[in-house]
Amino acid sequence: CIMLVVLGCRSKKSIPDVSGIKISLQTERFEKDFFSLDTLQLNSSLQKLYEKYPGFTKDYLFNILGSSADSATKEVTLFLRSYTGMYQASLGKFKQFNSVEKEVVRGLQFVKYYFPQYPLPKKLITFIGPINGYGNIITPNALAVGLQLSMGRDYPLYLSAEGQQLYPPFISRKFEPAYIPVNCIRNIIDDMYPDKSMGKPLIEQMVEAGKRIYLLDRLLPELPDTLKTGYT
């Protein structure tokens with residue numbers, strides 16, 4: 001009944017004109033600089049990475065890779081060795097990021113329309129992290145997209161025994177580039193309205209999920225419903 005109400009509301013939605021809302025969003029391809037690090041001069045290369053991405057490099061090394069100050073160079077070397085194949089595949093998969101950026105900007109226009117006081121992110125940062133790590137992150141001034149979970153449902157690593165154990169098909173089927181804008185805007189919704197329904201009765205969790213689907217649909221009204229109804 002709850003879902004019928006939500007879906008009924010969505011079918012009658014009207015889309016406001018947000019074309020006049022200006023959005024400043026800069027896309028930065030962190031993974032390209034990261035996988036270009038000179039492993040023979042890793043410390044100096046990492047310093048240059050810090051200088052180019054001062055905030056995100058720290059988050060990446062210590063929160064995404066999970067390294068420490070003492071183990072950073074070792075962890076980076078191992079990760080580069082393990083994920084170079086994925087990075088090379090991503091160069092073809094994400095040679096152009098304009099279409100994704102366009103959808104994210106469109107979503108941010110609706111965020112600004114409905115929530116004018118919300119401080120919008122200024123950057124869209126792409127990266128490649130561990131497959132069992134973060135896929136999408138929101139920082140004080142950026143949306144960060146983990147391409148390792150957007151390589152397409154048929155990417156070999158997802159179909160491997162390790163991949164299937166981490167992400168069964170009903171999850172990995174969403175590891176498509178088309179879901180990136182949805183995940184970015186979903187992070188903004190979660191930032192504005194943290195989900196506090198965990199541990200509460202099922203009916204309350206369903207109501208909360210319905211509200212989030214409804215809001216996501218308002219912020220991304222032009223994307224197919226199939227990309228949005230899986231909000232969890």
# chains A, B, ... in the order shown; residues from 1 in each chain; ligands from 1
$ residues_around --residues "Phe127 of chain A" --least-positions-apart "3" --cutoff "7 Å" --atoms "only C-alpha atoms" --output "PyMOL selection string"
chain A and resi 29-31+145-147
$ select_by_dssp --residues "segment 2-130 of chain A" --states "strand (DSSP E)" --output "PDB file with N, CA, C and O atoms, in the first residue's frame"
ATOM      1  N   GLN A  26      33.488  20.597 -11.325  1.00  0.00           N
ATOM      2  CA  GLN A  26      34.724  20.253 -12.029  1.00  0.00           C
ATOM      3  C   GLN A  26      35.019  18.768 -11.855  1.00  0.00           C
ATOM      4  O   GLN A  26      35.091  18.273 -10.739  1.00  0.00           O
ATOM      5  N   THR A  27      35.172  18.070 -12.975  1.00  0.00           N
ATOM      6  CA  THR A  27      35.502  16.648 -12.928  1.00  0.00           C
ATOM      7  C   THR A  27      37.011  16.463 -12.877  1.00  0.00           C
ATOM      8  O   THR A  27      37.735  17.043 -13.684  1.00  0.00           O
ATOM      9  N   GLU A  28      37.467  15.647 -11.926  1.00  0.00           N
ATOM     10  CA  GLU A  28      38.888  15.361 -11.775  1.00  0.00           C
ATOM     11  C   GLU A  28      39.091  13.849 -11.814  1.00  0.00           C
ATOM     12  O   GLU A  28      38.460  13.116 -11.049  1.00  0.00           O
ATOM     13  N   ARG A  29      39.972  13.383 -12.689  1.00  0.00           N
ATOM     14  CA  ARG A  29      40.217  11.952 -12.871  1.00  0.00           C
ATOM     15  C   ARG A  29      41.422  11.534 -12.018  1.00  0.00           C
ATOM     16  O   ARG A  29      42.528  11.333 -12.512  1.00  0.00           O
ATOM     17  N   LYS A 123      33.229  19.543  -6.912  1.00  0.00           N
ATOM     18  CA  LYS A 123      34.049  18.637  -7.710  1.00  0.00           C
ATOM     19  C   LYS A 123      33.387  17.264  -7.829  1.00  0.00           C
ATOM     20  O   LYS A 123      32.656  16.826  -6.943  1.00  0.00           O
ATOM     21  N   LEU A 124      33.672  16.602  -8.941  1.00  0.00           N
ATOM     22  CA  LEU A 124      33.292  15.217  -9.160  1.00  0.00           C
ATOM     23  C   LEU A 124      34.596  14.463  -9.404  1.00  0.00           C
ATOM     24  O   LEU A 124      35.236  14.640 -10.447  1.00  0.00           O
ATOM     25  N   ILE A 125      35.016  13.673  -8.428  1.00  0.00           N
ATOM     26  CA  ILE A 125      36.321  13.009  -8.471  1.00  0.00           C
ATOM     27  C   ILE A 125      36.130  11.517  -8.748  1.00  0.00           C
ATOM     28  O   ILE A 125      35.362  10.849  -8.048  1.00  0.00           O
ATOM     29  N   THR A 126      36.811  11.008  -9.753  1.00  0.00           N
ATOM     30  CA  THR A 126      36.774   9.569 -10.000  1.00  0.00           C
ATOM     31  C   THR A 126      38.046   8.922  -9.457  1.00  0.00           C
ATOM     32  O   THR A 126      39.113   9.524  -9.448  1.00  0.00           O
ATOM     33  N   PHE A 127      37.915   7.695  -8.985  1.00  0.00           N
ATOM     34  CA  PHE A 127      39.044   6.954  -8.451  1.00  0.00           C
ATOM     35  C   PHE A 127      38.804   5.465  -8.642  1.00  0.00           C
ATOM     36  O   PHE A 127      37.688   5.040  -8.991  1.00  0.00           O
TER      37      PHE A 127
END
$ atom_distance --atom1 "atom CA of Tyr50 of chain A" --atom2 "atom CA of Ala69 of chain A"
13.5 Å
$ residues_around --residues "Leu108 of chain A" --least-positions-apart "5" --cutoff "12 Å" --atoms "only C-alpha atoms" --output "number ranges by chain"
A: 18-19, 21-25, 101-103, 113-116, 118-124, 143, 181-182, 184-189, 216, 218-221
$ residues_around --residues "segment 165-180 of chain A" --least-positions-apart "4" --cutoff "9 Å" --atoms "only C-alpha atoms" --output "PyMOL selection string"
chain A and resi 93-94+100+103-104+131-132+136+145+147-154+158-161+184-185+227-228
$ write_last_selection --atoms "N, CA, C and O atoms" --output "short mmCIF file (atom, residue, chain, number, x, y, z; two decimals), in the first residue's frame"
data_model
loop_
_atom_site.label_atom_id
_atom_site.label_comp_id
_atom_site.auth_asym_id
_atom_site.auth_seq_id
_atom_site.Cartn_x
_atom_site.Cartn_y
_atom_site.Cartn_z
N LYS A 93 36.42 2.02 -20.84
CA LYS A 93 35.05 2.12 -20.33
C LYS A 93 34.67 3.57 -20.06
O LYS A 93 33.52 3.98 -20.29
N PHE A 94 35.60 4.34 -19.55
CA PHE A 94 35.31 5.72 -19.15
C PHE A 94 36.23 6.71 -19.88
O PHE A 94 36.73 7.65 -19.27
N VAL A 100 28.10 11.21 -17.95
CA VAL A 100 27.86 11.02 -16.52
C VAL A 100 27.84 12.37 -15.81
O VAL A 100 26.94 12.67 -15.00
N GLU A 103 24.59 14.25 -16.29
CA GLU A 103 23.47 13.77 -15.48
C GLU A 103 23.63 14.21 -14.01
O GLU A 103 22.64 14.54 -13.35
N VAL A 104 24.86 14.20 -13.52
CA VAL A 104 25.09 14.65 -12.15
C VAL A 104 24.77 16.13 -12.01
O VAL A 104 24.11 16.56 -11.06
N ILE A 131 37.98 -3.51 -4.47
CA ILE A 131 36.64 -3.95 -4.84
C ILE A 131 35.74 -4.11 -3.62
O ILE A 131 34.53 -3.98 -3.70
N ASN A 132 36.35 -4.38 -2.47
CA ASN A 132 35.55 -4.53 -1.25
C ASN A 132 35.50 -3.23 -0.44
O ASN A 132 35.15 -3.24 0.73
N ASN A 136 31.06 4.93 -3.58
CA ASN A 136 30.68 6.33 -3.79
C ASN A 136 30.78 7.06 -2.46
O ASN A 136 30.30 6.57 -1.44
N VAL A 145 33.60 9.09 -6.98
CA VAL A 145 33.02 7.91 -7.61
C VAL A 145 34.08 6.83 -7.76
O VAL A 145 35.10 7.03 -8.43
N LEU A 147 35.24 3.87 -9.51
CA LEU A 147 34.98 3.18 -10.78
C LEU A 147 35.08 1.67 -10.66
O LEU A 147 34.57 0.94 -11.51
N GLN A 148 35.73 1.18 -9.60
CA GLN A 148 35.88 -0.27 -9.44
C GLN A 148 34.53 -0.96 -9.25
O GLN A 148 34.40 -2.16 -9.45
N LEU A 149 33.50 -0.19 -8.90
CA LEU A 149 32.16 -0.75 -8.75
C LEU A 149 31.21 -0.19 -9.81
O LEU A 149 29.99 -0.11 -9.59
N SER A 150 31.77 0.17 -10.96
CA SER A 150 30.96 0.70 -12.06
C SER A 150 31.46 0.20 -13.41
O SER A 150 31.25 0.84 -14.44
N MET A 151 32.12 -0.95 -13.43
CA MET A 151 32.77 -1.44 -14.64
C MET A 151 31.85 -2.25 -15.55
O MET A 151 32.30 -2.78 -16.57
N GLY A 152 30.59 -2.36 -15.21
CA GLY A 152 29.66 -3.15 -16.01
C GLY A 152 29.42 -4.51 -15.38
O GLY A 152 30.35 -5.15 -14.88
N ARG A 153 28.19 -4.95 -15.39
CA ARG A 153 27.82 -6.18 -14.67
C ARG A 153 28.59 -7.42 -15.10
O ARG A 153 28.71 -8.38 -14.35
N ASP A 154 29.10 -7.41 -16.32
CA ASP A 154 29.81 -8.59 -16.84
C ASP A 154 31.32 -8.48 -16.67
O ASP A 154 32.06 -9.31 -17.23
N TYR A 158 33.82 -9.23 -11.18
CA TYR A 158 32.53 -9.40 -10.51
C TYR A 158 32.03 -10.84 -10.64
O TYR A 158 31.30 -11.31 -9.77
N LEU A 159 32.41 -11.49 -11.73
CA LEU A 159 31.94 -12.85 -11.99
C LEU A 159 32.82 -13.92 -11.37
O LEU A 159 32.47 -15.10 -11.39
N SER A 160 33.96 -13.49 -10.82
CA SER A 160 34.87 -14.44 -10.18
C SER A 160 34.28 -14.93 -8.86
O SER A 160 33.30 -14.37 -8.35
N ALA A 161 34.89 -15.97 -8.30
CA ALA A 161 34.41 -16.50 -7.02
C ALA A 161 34.46 -15.43 -5.93
O ALA A 161 33.53 -15.28 -5.14
N CYS A 184 25.39 9.24 -6.77
CA CYS A 184 25.87 10.57 -6.34
C CYS A 184 24.75 11.35 -5.66
O CYS A 184 24.95 11.93 -4.58
N ILE A 185 23.59 11.38 -6.28
CA ILE A 185 22.47 12.13 -5.69
C ILE A 185 21.96 11.43 -4.44
O ILE A 185 21.54 12.08 -3.48
N LEU A 227 16.37 2.69 -12.68
CA LEU A 227 17.63 3.03 -12.05
C LEU A 227 17.42 3.53 -10.63
O LEU A 227 18.38 3.59 -9.84
N LYS A 228 16.20 3.90 -10.28
CA LYS A 228 15.95 4.57 -9.02
C LYS A 228 15.16 3.75 -8.02
O LYS A 228 15.30 3.94 -6.81
#
$ residues_around --residues "Thr39 of chain A" --least-positions-apart "5" --cutoff "12 Å" --atoms "only C-alpha atoms" --output "VMD selection string"
chain A and resid 34 44 to 46 73 to 81
